[in-house]
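Just below is one structure, and these are the notes that go with it.
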Amino acid sequence: MERKYYKHKIENLLIINEIVTIHYFEFAKDFCFNGESHDFWELVYADKENIIVNADGKEIVLNEGEVLFHKPNVFHSLSANFKTAPNVFIMSFVCKSQAMHFFEDKIIKLDKSLLKFIYSIIEESKKTFNIPYSNPELKKMELLDKPTLGGEQIIKNYLEILLINIMRSETEKENSNEIFLLESDFKNRVSNQVMEILKQNVKENLKMETIAEKLCYNKSYIYRQFKKDTGLTIMSYFTKLKIEYAKRLLREGNLNITQIATELCFDTPNYFSKTFKKVYGMSPLKYKKIHSLPNAK
């Protein structure tokens, strides 16, 4: 007997039709972009520190960890607060789906679990497009001579998944009866706690013993679990955090290299400079020079 199969038609909540630009900016504290309007959507996420956004004449302070969307044809501008140097992810795209109206006039605190999609978009864009460093005026992204296979589609998929998950997290209520953590959730929580301790003590000279004492776990267990979850040792991750913080201090321009090295507990300015170059690929002096150039207006 012949079986009849039912082919389920996929209902798409939203479809990204085109990608326009993808940026991860490390702005100086006095950055100012006078503004523009365009006939497509734009996502703005404050990754580190806050940023001042102006949309249709309304000033908004977008705090670290928050995301907003500019709908098509809305005039908008962007600036730093002249005190701190922010890191900002900006992506513009065409989406004609009705579901996009969900994002109008909302400032959303992005769940940390969704950051992986933003960072995946950034990494995939580096392997797909030739994007000039920190250029807010970019109008067209050129493909690399040899872009990664399927890169554009993967970027589109990541963005669609990110948007759907934001909608879910904003509309679905958590199950208040859920008390017990799965083992995998528990292990991830340990690594997240370590990350939070490192972030809060980025200016200190932390030791593994101190971290273990704060969490009341065995030092070896914490070390193994963190390496398994992140692919990095705790101290390697801590060094990366210090260099990211150093980049912000360099852009803010209030401290010289010797002062920054002292601020972040490096033994010597020379050791700080060597570590900075090893982690970031250029010297702190070169990095500071790049961000001392006149801002795009």
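Here, A, B, ... name the chains of the structure tokens in the order displayed, residue numbers run from 1 inside each chain, and ligands are numbered from 1 in the same displayed order.
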
Within 10 Å of Ala246 of chain A using only C-alpha atoms, minus same-chain residues under 2 positions, as a ChimeraX atom specification: /A:203,240-244,248-252,255,257,260-261,263-264,272,276,284

Using DSSP assignments from the backbone, pull out every residue in segment 20-65 of chain A that falls under strand (DSSP E or B) and give it to me as number ranges by chain. A: 20-26, 32-36, 41-48, 51-55, 58-62

Could you save those same residues with C-alpha atoms as a compact mmCIF listing (two decimals), in the first residue's frame?
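File written: part_17.txt
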```
# COMPACT_ATOMS: atom_id res chain seq x y z
CA VAL A 20 23.66 46.47 3.08
CA THR A 21 26.46 47.07 5.63
CA ILE A 22 28.04 45.33 8.62
CA HIS A 23 30.29 47.19 11.06
CA TYR A 24 31.92 46.70 14.43
CA PHE A 25 33.18 50.13 15.47
CA GLU A 26 35.66 51.05 18.19
CA CYS A 32 30.29 62.19 16.09
CA PHE A 33 28.40 61.18 12.95
CA ASN A 34 26.03 63.91 11.77
CA GLY A 35 23.46 61.54 10.44
CA GLU A 36 21.63 60.09 7.48
CA TRP A 41 16.50 48.92 8.41
CA GLU A 42 19.48 49.50 10.68
CA LEU A 43 20.36 47.62 13.88
CA VAL A 44 22.50 49.41 16.49
CA TYR A 45 23.92 47.47 19.45
CA ALA A 46 26.02 49.08 22.21
CA ASP A 47 28.56 46.35 22.96
CA LYS A 48 30.78 48.31 25.35
CA ILE A 51 26.32 55.60 22.79
CA ILE A 52 24.09 58.59 22.04
CA VAL A 53 21.58 58.00 19.26
CA ASN A 54 19.32 60.63 17.71
CA ALA A 55 16.29 59.42 15.75
CA LYS A 58 14.71 62.44 19.74
CA GLU A 59 17.93 61.83 21.71
CA ILE A 60 18.39 58.34 23.14
CA VAL A 61 21.17 57.07 25.37
CA LEU A 62 21.75 53.48 24.29
```

Residues near segment 146-154 of chain A, cut-off 8 Å, only C-alpha atoms, skip fewer than 4 positions along chain, as a PyMOL selection string: chain A and resi 124-125+127-129+158

Taking the chain letters and numbering used in this document, name the residues of segment 30-254 of chain A that DSSP puts in alpha helix (DSSP H), as a JSON list (two decimals) with N, CA, C and O atoms, in the first residue's frame.
```
[["chain", "number", "residue", "atom", "x", "y", "z"],
["A", 115, "LEU", "N", 24.31, 37.06, 22.10],
["A", 115, "LEU", "CA", 25.51, 37.73, 21.61],
["A", 115, "LEU", "C", 26.27, 36.86, 20.62],
["A", 115, "LEU", "O", 26.95, 37.36, 19.73],
["A", 116, "LYS", "N", 26.18, 35.54, 20.77],
["A", 116, "LYS", "CA", 26.91, 34.64, 19.88],
["A", 116, "LYS", "C", 26.51, 34.85, 18.43],
["A", 116, "LYS", "O", 27.33, 34.67, 17.52],
["A", 117, "PHE", "N", 25.26, 35.28, 18.18],
["A", 117, "PHE", "CA", 24.82, 35.51, 16.81],
["A", 117, "PHE", "C", 25.45, 36.79, 16.24],
["A", 117, "PHE", "O", 25.84, 36.83, 15.07],
["A", 118, "ILE", "N", 25.55, 37.82, 17.08],
["A", 118, "ILE", "CA", 26.21, 39.05, 16.63],
["A", 118, "ILE", "C", 27.68, 38.79, 16.32],
["A", 118, "ILE", "O", 28.19, 39.18, 15.27],
["A", 119, "TYR", "N", 28.37, 38.11, 17.24],
["A", 119, "TYR", "CA", 29.78, 37.85, 17.02],
["A", 119, "TYR", "C", 30.01, 36.90, 15.84],
["A", 119, "TYR", "O", 31.01, 37.02, 15.13],
["A", 120, "SER", "N", 29.07, 35.98, 15.61],
["A", 120, "SER", "CA", 29.18, 35.09, 14.46],
["A", 120, "SER", "C", 29.00, 35.86, 13.15],
["A", 120, "SER", "O", 29.68, 35.58, 12.15],
["A", 121, "ILE", "N", 28.09, 36.83, 13.15],
["A", 121, "ILE", "CA", 27.91, 37.69, 11.97],
["A", 121, "ILE", "C", 29.20, 38.46, 11.68],
["A", 121, "ILE", "O", 29.64, 38.56, 10.52],
["A", 122, "ILE", "N", 29.81, 39.01, 12.73],
["A", 122, "ILE", "CA", 31.06, 39.77, 12.56],
["A", 122, "ILE", "C", 32.15, 38.89, 11.97],
["A", 122, "ILE", "O", 32.83, 39.27, 11.00],
["A", 123, "GLU", "N", 32.34, 37.70, 12.53],
["A", 123, "GLU", "CA", 33.39, 36.80, 12.06],
["A", 123, "GLU", "C", 33.12, 36.33, 10.64],
["A", 123, "GLU", "O", 34.04, 36.25, 9.82],
["A", 124, "GLU", "N", 31.87, 36.03, 10.32],
["A", 124, "GLU", "CA", 31.54, 35.57, 8.97],
["A", 124, "GLU", "C", 31.72, 36.69, 7.95],
["A", 124, "GLU", "O", 32.16, 36.45, 6.82],
["A", 125, "SER", "N", 31.42, 37.93, 8.36],
["A", 125, "SER", "CA", 31.58, 39.07, 7.44],
["A", 125, "SER", "C", 33.05, 39.31, 7.10],
["A", 125, "SER", "O", 33.37, 39.72, 5.98],
["A", 126, "LYS", "N", 33.95, 39.02, 8.06],
["A", 126, "LYS", "CA", 35.39, 39.19, 7.80],
["A", 126, "LYS", "C", 35.88, 38.21, 6.76],
["A", 126, "LYS", "O", 36.85, 38.49, 6.03],
["A", 151, "GLY", "N", 29.05, 32.30, 2.61],
["A", 151, "GLY", "CA", 29.14, 33.30, 3.67],
["A", 151, "GLY", "C", 27.95, 34.24, 3.73],
["A", 151, "GLY", "O", 27.42, 34.53, 4.81],
["A", 152, "GLU", "N", 27.49, 34.73, 2.58],
["A", 152, "GLU", "CA", 26.37, 35.66, 2.56],
["A", 152, "GLU", "C", 25.10, 35.02, 3.11],
["A", 152, "GLU", "O", 24.35, 35.64, 3.87],
["A", 153, "GLN", "N", 24.88, 33.76, 2.75],
["A", 153, "GLN", "CA", 23.68, 33.07, 3.24],
["A", 153, "GLN", "C", 23.75, 32.83, 4.74],
["A", 153, "GLN", "O", 22.75, 32.96, 5.44],
["A", 154, "ILE", "N", 24.94, 32.48, 5.22],
["A", 154, "ILE", "CA", 25.08, 32.24, 6.66],
["A", 154, "ILE", "C", 24.85, 33.54, 7.44],
["A", 154, "ILE", "O", 24.20, 33.53, 8.49],
["A", 155, "ILE", "N", 25.36, 34.67, 6.93],
["A", 155, "ILE", "CA", 25.13, 35.96, 7.59],
["A", 155, "ILE", "C", 23.62, 36.25, 7.65],
["A", 155, "ILE", "O", 23.09, 36.65, 8.68],
["A", 156, "LYS", "N", 22.95, 36.05, 6.53],
["A", 156, "LYS", "CA", 21.50, 36.24, 6.47],
["A", 156, "LYS", "C", 20.79, 35.35, 7.49],
["A", 156, "LYS", "O", 19.90, 35.80, 8.24],
["A", 157, "ASN", "N", 21.20, 34.09, 7.56],
["A", 157, "ASN", "CA", 20.56, 33.15, 8.49],
["A", 157, "ASN", "C", 20.80, 33.54, 9.95],
["A", 157, "ASN", "O", 19.89, 33.48, 10.78],
["A", 158, "TYR", "N", 22.04, 33.93, 10.27],
["A", 158, "TYR", "CA", 22.35, 34.36, 11.63],
["A", 158, "TYR", "C", 21.48, 35.55, 12.03],
["A", 158, "TYR", "O", 20.98, 35.63, 13.15],
["A", 159, "LEU", "N", 21.33, 36.50, 11.11],
["A", 159, "LEU", "CA", 20.55, 37.70, 11.42],
["A", 159, "LEU", "C", 19.08, 37.33, 11.62],
["A", 159, "LEU", "O", 18.43, 37.83, 12.56],
["A", 160, "GLU", "N", 18.53, 36.48, 10.78],
["A", 160, "GLU", "CA", 17.14, 36.06, 10.93],
["A", 160, "GLU", "C", 16.93, 35.35, 12.28],
["A", 160, "GLU", "O", 15.94, 35.62, 12.99],
["A", 161, "ILE", "N", 17.86, 34.47, 12.64],
["A", 161, "ILE", "CA", 17.75, 33.76, 13.91],
["A", 161, "ILE", "C", 17.86, 34.73, 15.08],
["A", 161, "ILE", "O", 17.13, 34.62, 16.07],
["A", 162, "LEU", "N", 18.77, 35.71, 14.97],
["A", 162, "LEU", "CA", 18.92, 36.72, 16.03],
["A", 162, "LEU", "C", 17.61, 37.48, 16.22],
["A", 162, "LEU", "O", 17.13, 37.64, 17.35],
["A", 163, "LEU", "N", 17.03, 37.95, 15.14],
["A", 163, "LEU", "CA", 15.80, 38.75, 15.23],
["A", 163, "LEU", "C", 14.65, 37.94, 15.81],
["A", 163, "LEU", "O", 13.89, 38.43, 16.66],
["A", 164, "ILE", "N", 14.51, 36.70, 15.36],
["A", 164, "ILE", "CA", 13.42, 35.85, 15.88],
["A", 164, "ILE", "C", 13.61, 35.58, 17.37],
["A", 164, "ILE", "O", 12.65, 35.62, 18.15],
["A", 165, "ASN", "N", 14.86, 35.35, 17.78],
["A", 165, "ASN", "CA", 15.11, 35.09, 19.20],
["A", 165, "ASN", "C", 14.88, 36.33, 20.05],
["A", 165, "ASN", "O", 14.44, 36.21, 21.21],
["A", 166, "ILE", "N", 15.17, 37.51, 19.52],
["A", 166, "ILE", "CA", 14.86, 38.75, 20.26],
["A", 166, "ILE", "C", 13.35, 38.86, 20.45],
["A", 166, "ILE", "O", 12.86, 39.17, 21.55],
["A", 167, "MET", "N", 12.61, 38.58, 19.39],
["A", 167, "MET", "CA", 11.14, 38.63, 19.48],
["A", 167, "MET", "C", 10.63, 37.62, 20.51],
["A", 167, "MET", "O", 9.74, 37.92, 21.30],
["A", 168, "ARG", "N", 11.20, 36.42, 20.51],
["A", 168, "ARG", "CA", 10.80, 35.40, 21.48],
["A", 168, "ARG", "C", 11.07, 35.85, 22.92],
["A", 168, "ARG", "O", 10.22, 35.75, 23.79],
["A", 169, "SER", "N", 12.30, 36.34, 23.14],
["A", 169, "SER", "CA", 12.68, 36.71, 24.51],
["A", 169, "SER", "C", 11.85, 37.87, 25.03],
["A", 169, "SER", "O", 11.66, 38.01, 26.24],
["A", 170, "GLU", "N", 11.34, 38.71, 24.12],
["A", 170, "GLU", "CA", 10.53, 39.85, 24.54],
["A", 170, "GLU", "C", 9.06, 39.50, 24.73],
["A", 170, "GLU", "O", 8.33, 40.23, 25.40],
["A", 171, "THR", "N", 8.62, 38.41, 24.14],
["A", 171, "THR", "CA", 7.19, 38.10, 24.17],
["A", 171, "THR", "C", 6.84, 36.87, 25.01],
["A", 171, "THR", "O", 5.71, 36.74, 25.48],
["A", 183, "GLU", "N", 22.51, 19.76, 33.97],
["A", 183, "GLU", "CA", 23.94, 19.72, 34.24],
["A", 183, "GLU", "C", 24.70, 20.66, 33.30],
["A", 183, "GLU", "O", 25.61, 21.37, 33.73],
["A", 184, "SER", "N", 24.29, 20.68, 32.01],
["A", 184, "SER", "CA", 24.98, 21.54, 31.04],
["A", 184, "SER", "C", 24.80, 23.02, 31.40],
["A", 184, "SER", "O", 25.72, 23.82, 31.27],
["A", 185, "ASP", "N", 23.59, 23.38, 31.88],
["A", 185, "ASP", "CA", 23.34, 24.77, 32.29],
["A", 185, "ASP", "C", 24.19, 25.13, 33.49],
["A", 185, "ASP", "O", 24.71, 26.24, 33.61],
["A", 186, "PHE", "N", 24.33, 24.19, 34.41],
["A", 186, "PHE", "CA", 25.13, 24.42, 35.61],
["A", 186, "PHE", "C", 26.59, 24.68, 35.25],
["A", 186, "PHE", "O", 27.22, 25.61, 35.75],
["A", 187, "LYS", "N", 27.13, 23.86, 34.34],
["A", 187, "LYS", "CA", 28.53, 24.01, 33.95],
["A", 187, "LYS", "C", 28.76, 25.35, 33.25],
["A", 187, "LYS", "O", 29.76, 26.03, 33.49],
["A", 188, "ASN", "N", 27.82, 25.71, 32.36],
["A", 188, "ASN", "CA", 27.95, 27.00, 31.68],
["A", 188, "ASN", "C", 27.86, 28.15, 32.67],
["A", 188, "ASN", "O", 28.54, 29.16, 32.52],
["A", 189, "ARG", "N", 27.06, 27.96, 33.70],
["A", 189, "ARG", "CA", 26.91, 29.02, 34.71],
["A", 189, "ARG", "C", 28.23, 29.24, 35.44],
["A", 189, "ARG", "O", 28.58, 30.38, 35.76],
["A", 190, "VAL", "N", 28.97, 28.18, 35.69],
["A", 190, "VAL", "CA", 30.27, 28.32, 36.36],
["A", 190, "VAL", "C", 31.19, 29.18, 35.51],
["A", 190, "VAL", "O", 31.84, 30.12, 36.01],
["A", 191, "SER", "N", 31.26, 28.90, 34.20],
["A", 191, "SER", "CA", 32.13, 29.69, 33.31],
["A", 191, "SER", "C", 31.66, 31.13, 33.24],
["A", 191, "SER", "O", 32.48, 32.07, 33.21],
["A", 192, "ASN", "N", 30.34, 31.34, 33.21],
["A", 192, "ASN", "CA", 29.81, 32.70, 33.18],
["A", 192, "ASN", "C", 30.16, 33.46, 34.44],
["A", 192, "ASN", "O", 30.44, 34.67, 34.41],
["A", 193, "GLN", "N", 30.14, 32.76, 35.58],
["A", 193, "GLN", "CA", 30.52, 33.40, 36.84],
["A", 193, "GLN", "C", 31.99, 33.81, 36.83],
["A", 193, "GLN", "O", 32.36, 34.88, 37.33],
["A", 194, "VAL", "N", 32.83, 32.95, 36.26],
["A", 194, "VAL", "CA", 34.25, 33.28, 36.13],
["A", 194, "VAL", "C", 34.42, 34.53, 35.28],
["A", 194, "VAL", "O", 35.17, 35.45, 35.63],
["A", 195, "MET", "N", 33.72, 34.58, 34.13],
["A", 195, "MET", "CA", 33.82, 35.74, 33.24],
["A", 195, "MET", "C", 33.41, 37.02, 33.95],
["A", 195, "MET", "O", 34.05, 38.07, 33.77],
["A", 196, "GLU", "N", 32.37, 36.92, 34.76],
["A", 196, "GLU", "CA", 31.88, 38.12, 35.47],
["A", 196, "GLU", "C", 32.91, 38.58, 36.50],
["A", 196, "GLU", "O", 33.15, 39.79, 36.65],
["A", 197, "ILE", "N", 33.54, 37.64, 37.20],
["A", 197, "ILE", "CA", 34.58, 37.99, 38.17],
["A", 197, "ILE", "C", 35.75, 38.67, 37.47],
["A", 197, "ILE", "O", 36.29, 39.69, 37.92],
["A", 198, "LEU", "N", 36.17, 38.11, 36.32],
["A", 198, "LEU", "CA", 37.28, 38.69, 35.57],
["A", 198, "LEU", "C", 36.94, 40.09, 35.09],
["A", 198, "LEU", "O", 37.77, 41.01, 35.16],
["A", 199, "LYS", "N", 35.73, 40.27, 34.62],
["A", 199, "LYS", "CA", 35.31, 41.58, 34.12],
["A", 199, "LYS", "C", 35.31, 42.62, 35.24],
["A", 199, "LYS", "O", 35.76, 43.75, 35.06],
["A", 200, "GLN", "N", 34.80, 42.22, 36.40],
["A", 200, "GLN", "CA", 34.72, 43.15, 37.52],
["A", 200, "GLN", "C", 36.08, 43.50, 38.11],
["A", 200, "GLN", "O", 36.24, 44.52, 38.77],
["A", 208, "MET", "N", 44.34, 32.34, 40.10],
["A", 208, "MET", "CA", 43.38, 31.25, 40.06],
["A", 208, "MET", "C", 42.85, 30.93, 41.45],
["A", 208, "MET", "O", 41.67, 30.63, 41.63],
["A", 209, "GLU", "N", 43.74, 30.99, 42.43],
["A", 209, "GLU", "CA", 43.34, 30.68, 43.80],
["A", 209, "GLU", "C", 42.23, 31.63, 44.28],
["A", 209, "GLU", "O", 41.30, 31.21, 44.97],
["A", 210, "THR", "N", 42.33, 32.89, 43.91],
["A", 210, "THR", "CA", 41.34, 33.88, 44.31],
["A", 210, "THR", "C", 39.99, 33.60, 43.67],
["A", 210, "THR", "O", 38.94, 33.70, 44.32],
["A", 211, "ILE", "N", 40.01, 33.25, 42.37],
["A", 211, "ILE", "CA", 38.77, 32.94, 41.65],
["A", 211, "ILE", "C", 38.09, 31.72, 42.27],
["A", 211, "ILE", "O", 36.88, 31.71, 42.50],
["A", 212, "ALA", "N", 38.89, 30.68, 42.53],
["A", 212, "ALA", "CA", 38.34, 29.45, 43.12],
["A", 212, "ALA", "C", 37.74, 29.74, 44.49],
["A", 212, "ALA", "O", 36.68, 29.20, 44.85],
["A", 213, "GLU", "N", 38.40, 30.61, 45.24],
["A", 213, "GLU", "CA", 37.91, 30.95, 46.58],
["A", 213, "GLU", "C", 36.59, 31.70, 46.50],
["A", 213, "GLU", "O", 35.67, 31.46, 47.29],
["A", 214, "LYS", "N", 36.48, 32.61, 45.53],
["A", 214, "LYS", "CA", 35.25, 33.39, 45.36],
["A", 214, "LYS", "C", 34.07, 32.50, 44.99],
["A", 214, "LYS", "O", 32.93, 32.73, 45.42],
["A", 215, "LEU", "N", 34.32, 31.46, 44.18],
["A", 215, "LEU", "CA", 33.25, 30.60, 43.70],
["A", 215, "LEU", "C", 33.04, 29.36, 44.56],
["A", 215, "LEU", "O", 32.06, 28.63, 44.36],
["A", 219, "LYS", "N", 39.86, 24.45, 42.14],
["A", 219, "LYS", "CA", 40.59, 25.21, 41.12],
["A", 219, "LYS", "C", 40.72, 24.44, 39.81],
["A", 219, "LYS", "O", 40.52, 24.99, 38.72],
["A", 220, "SER", "N", 41.05, 23.16, 39.91],
["A", 220, "SER", "CA", 41.24, 22.34, 38.70],
["A", 220, "SER", "C", 39.94, 22.18, 37.93],
["A", 220, "SER", "O", 39.93, 22.21, 36.69],
["A", 221, "TYR", "N", 38.82, 22.03, 38.66],
["A", 221, "TYR", "CA", 37.52, 21.88, 38.00],
["A", 221, "TYR", "C", 37.16, 23.15, 37.22],
["A", 221, "TYR", "O", 36.73, 23.10, 36.08],
["A", 222, "ILE", "N", 37.35, 24.30, 37.86],
["A", 222, "ILE", "CA", 37.04, 25.58, 37.20],
["A", 222, "ILE", "C", 37.89, 25.75, 35.94],
["A", 222, "ILE", "O", 37.41, 26.15, 34.89],
["A", 223, "TYR", "N", 39.17, 25.43, 36.06],
["A", 223, "TYR", "CA", 40.10, 25.58, 34.94],
["A", 223, "TYR", "C", 39.64, 24.71, 33.76],
["A", 223, "TYR", "O", 39.56, 25.18, 32.62],
["A", 224, "ARG", "N", 39.34, 23.43, 34.04],
["A", 224, "ARG", "CA", 38.94, 22.50, 32.97],
["A", 224, "ARG", "C", 37.62, 22.92, 32.33],
["A", 224, "ARG", "O", 37.48, 22.90, 31.10],
["A", 225, "GLN", "N", 36.66, 23.32, 33.16],
["A", 225, "GLN", "CA", 35.34, 23.66, 32.63],
["A", 225, "GLN", "C", 35.39, 24.92, 31.78],
["A", 225, "GLN", "O", 34.75, 25.01, 30.73],
["A", 226, "PHE", "N", 36.16, 25.91, 32.22],
["A", 226, "PHE", "CA", 36.27, 27.16, 31.46],
["A", 226, "PHE", "C", 36.93, 26.90, 30.11],
["A", 226, "PHE", "O", 36.49, 27.41, 29.08],
["A", 227, "LYS", "N", 37.99, 26.09, 30.11],
["A", 227, "LYS", "CA", 38.69, 25.77, 28.85],
["A", 227, "LYS", "C", 37.76, 25.02, 27.90],
["A", 227, "LYS", "O", 37.74, 25.29, 26.70],
["A", 228, "LYS", "N", 36.95, 24.13, 28.45],
["A", 228, "LYS", "CA", 36.01, 23.37, 27.63],
["A", 228, "LYS", "C", 34.94, 24.27, 27.02],
["A", 228, "LYS", "O", 34.57, 24.13, 25.85],
["A", 229, "ASP", "N", 34.44, 25.23, 27.81],
["A", 229, "ASP", "CA", 33.35, 26.09, 27.35],
["A", 229, "ASP", "C", 33.83, 27.18, 26.39],
["A", 229, "ASP", "O", 33.08, 27.58, 25.48],
["A", 230, "THR", "N", 35.03, 27.70, 26.60],
["A", 230, "THR", "CA", 35.48, 28.87, 25.82],
["A", 230, "THR", "C", 36.62, 28.59, 24.85],
["A", 230, "THR", "O", 36.86, 29.38, 23.93],
["A", 234, "ILE", "N", 41.70, 30.50, 31.57],
["A", 234, "ILE", "CA", 41.15, 31.65, 32.28],
["A", 234, "ILE", "C", 42.07, 32.85, 32.17],
["A", 234, "ILE", "O", 41.63, 33.98, 31.93],
["A", 235, "MET", "N", 43.37, 32.63, 32.31],
["A", 235, "MET", "CA", 44.31, 33.75, 32.25],
["A", 235, "MET", "C", 44.43, 34.33, 30.84],
["A", 235, "MET", "O", 44.63, 35.54, 30.67],
["A", 236, "SER", "N", 44.31, 33.48, 29.82],
["A", 236, "SER", "CA", 44.31, 33.99, 28.44],
["A", 236, "SER", "C", 43.10, 34.88, 28.20],
["A", 236, "SER", "O", 43.20, 35.96, 27.59],
["A", 237, "TYR", "N", 41.95, 34.44, 28.70],
["A", 237, "TYR", "CA", 40.73, 35.23, 28.57],
["A", 237, "TYR", "C", 40.88, 36.55, 29.34],
["A", 237, "TYR", "O", 40.46, 37.61, 28.87],
["A", 238, "PHE", "N", 41.47, 36.47, 30.53],
["A", 238, "PHE", "CA", 41.68, 37.66, 31.36],
["A", 238, "PHE", "C", 42.57, 38.67, 30.65],
["A", 238, "PHE", "O", 42.33, 39.88, 30.67],
["A", 239, "THR", "N", 43.62, 38.16, 30.01],
["A", 239, "THR", "CA", 44.52, 39.05, 29.25],
["A", 239, "THR", "C", 43.77, 39.73, 28.11],
["A", 239, "THR", "O", 43.94, 40.93, 27.87],
["A", 240, "LYS", "N", 42.91, 38.99, 27.41],
["A", 240, "LYS", "CA", 42.12, 39.59, 26.34],
["A", 240, "LYS", "C", 41.21, 40.70, 26.87],
["A", 240, "LYS", "O", 41.06, 41.75, 26.24],
["A", 241, "LEU", "N", 40.61, 40.45, 28.03],
["A", 241, "LEU", "CA", 39.77, 41.48, 28.65],
["A", 241, "LEU", "C", 40.57, 42.74, 28.96],
["A", 241, "LEU", "O", 40.11, 43.86, 28.74],
["A", 242, "LYS", "N", 41.78, 42.55, 29.48],
["A", 242, "LYS", "CA", 42.65, 43.68, 29.81],
["A", 242, "LYS", "C", 42.99, 44.49, 28.55],
["A", 242, "LYS", "O", 43.00, 45.73, 28.57],
["A", 243, "ILE", "N", 43.29, 43.79, 27.47],
["A", 243, "ILE", "CA", 43.65, 44.48, 26.23],
["A", 243, "ILE", "C", 42.44, 45.23, 25.66],
["A", 243, "ILE", "O", 42.57, 46.35, 25.16],
["A", 244, "GLU", "N", 41.24, 44.62, 25.75],
["A", 244, "GLU", "CA", 40.03, 45.32, 25.30],
["A", 244, "GLU", "C", 39.82, 46.59, 26.12],
["A", 244, "GLU", "O", 39.45, 47.64, 25.58],
["A", 245, "TYR", "N", 40.05, 46.50, 27.41],
["A", 245, "TYR", "CA", 39.91, 47.67, 28.29],
["A", 245, "TYR", "C", 40.98, 48.70, 27.95],
["A", 245, "TYR", "O", 40.71, 49.91, 27.93],
["A", 246, "ALA", "N", 42.19, 48.23, 27.65],
["A", 246, "ALA", "CA", 43.28, 49.13, 27.27],
["A", 246, "ALA", "C", 42.95, 49.89, 25.99],
["A", 246, "ALA", "O", 43.25, 51.08, 25.86],
["A", 247, "LYS", "N", 42.32, 49.21, 25.03],
["A", 247, "LYS", "CA", 41.92, 49.86, 23.78],
["A", 247, "LYS", "C", 40.97, 51.01, 24.05],
["A", 247, "LYS", "O", 41.08, 52.09, 23.46],
["A", 248, "ARG", "N", 40.04, 50.79, 24.97],
["A", 248, "ARG", "CA", 39.11, 51.86, 25.32],
["A", 248, "ARG", "C", 39.85, 53.03, 25.95],
["A", 248, "ARG", "O", 39.60, 54.20, 25.61],
["A", 249, "LEU", "N", 40.79, 52.75, 26.86],
["A", 249, "LEU", "CA", 41.55, 53.82, 27.50],
["A", 249, "LEU", "C", 42.38, 54.59, 26.49],
["A", 249, "LEU", "O", 42.52, 55.82, 26.58],
["A", 250, "LEU", "N", 42.93, 53.89, 25.50],
["A", 250, "LEU", "CA", 43.72, 54.55, 24.47],
["A", 250, "LEU", "C", 42.85, 55.49, 23.63],
["A", 250, "LEU", "O", 43.27, 56.60, 23.28],
["A", 251, "ARG", "N", 41.63, 55.06, 23.34],
["A", 251, "ARG", "CA", 40.73, 55.90, 22.54],
["A", 251, "ARG", "C", 40.24, 57.10, 23.33],
["A", 251, "ARG", "O", 39.99, 58.17, 22.78],
["A", 252, "GLU", "N", 40.08, 56.91, 24.63],
["A", 252, "GLU", "CA", 39.63, 58.03, 25.47],
["A", 252, "GLU", "C", 40.72, 59.08, 25.63],
["A", 252, "GLU", "O", 40.43, 60.26, 25.81]]
```

For Glu104 of chain A: contacts at 7 Å, only C-alpha atoms, fewer than 3 positions along chain excluded, given as number ranges by chain: A: 69, 71, 101

What separation in Å, quoted to one decimal, exists between atom CA of Ala85 of chain A and atom CA of Tyr287 of chain A? 13.4 Å

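Here atom CA of Glu11 of chain A stands at a distance of 20.8 Å from atom CA of Phe93 of chain A.
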
Could you name the residues that touch Gly57 of chain A at 10 Å or less, counting only C-alpha atoms, but leaving out those on the same chain fewer than 5 positions away, as a PyMOL selection string? chain A and resi 74-77

Selection near Ile15 of chain A, 7 Å with only C-alpha atoms, sequence-local residues under 3 positions removed, as a compact mmCIF listing (two decimals) with C-alpha atoms, in the first residue's frame:
```txt
# COMPACT_ATOMS: atom_id res chain seq x y z
CA ASN A 12 8.59 32.36 7.41
CA CYS A 95 13.50 43.22 5.26
CA SER A 97 8.31 41.27 6.41
CA GLU A 160 17.14 36.06 10.93
```

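When only C-alpha atoms are used to compute distances to Ser113 of chain A, the closest of the residues A:Leu13, A:Glu172, A:Gly65, A:Ser79 turns out to be A:Gly65.
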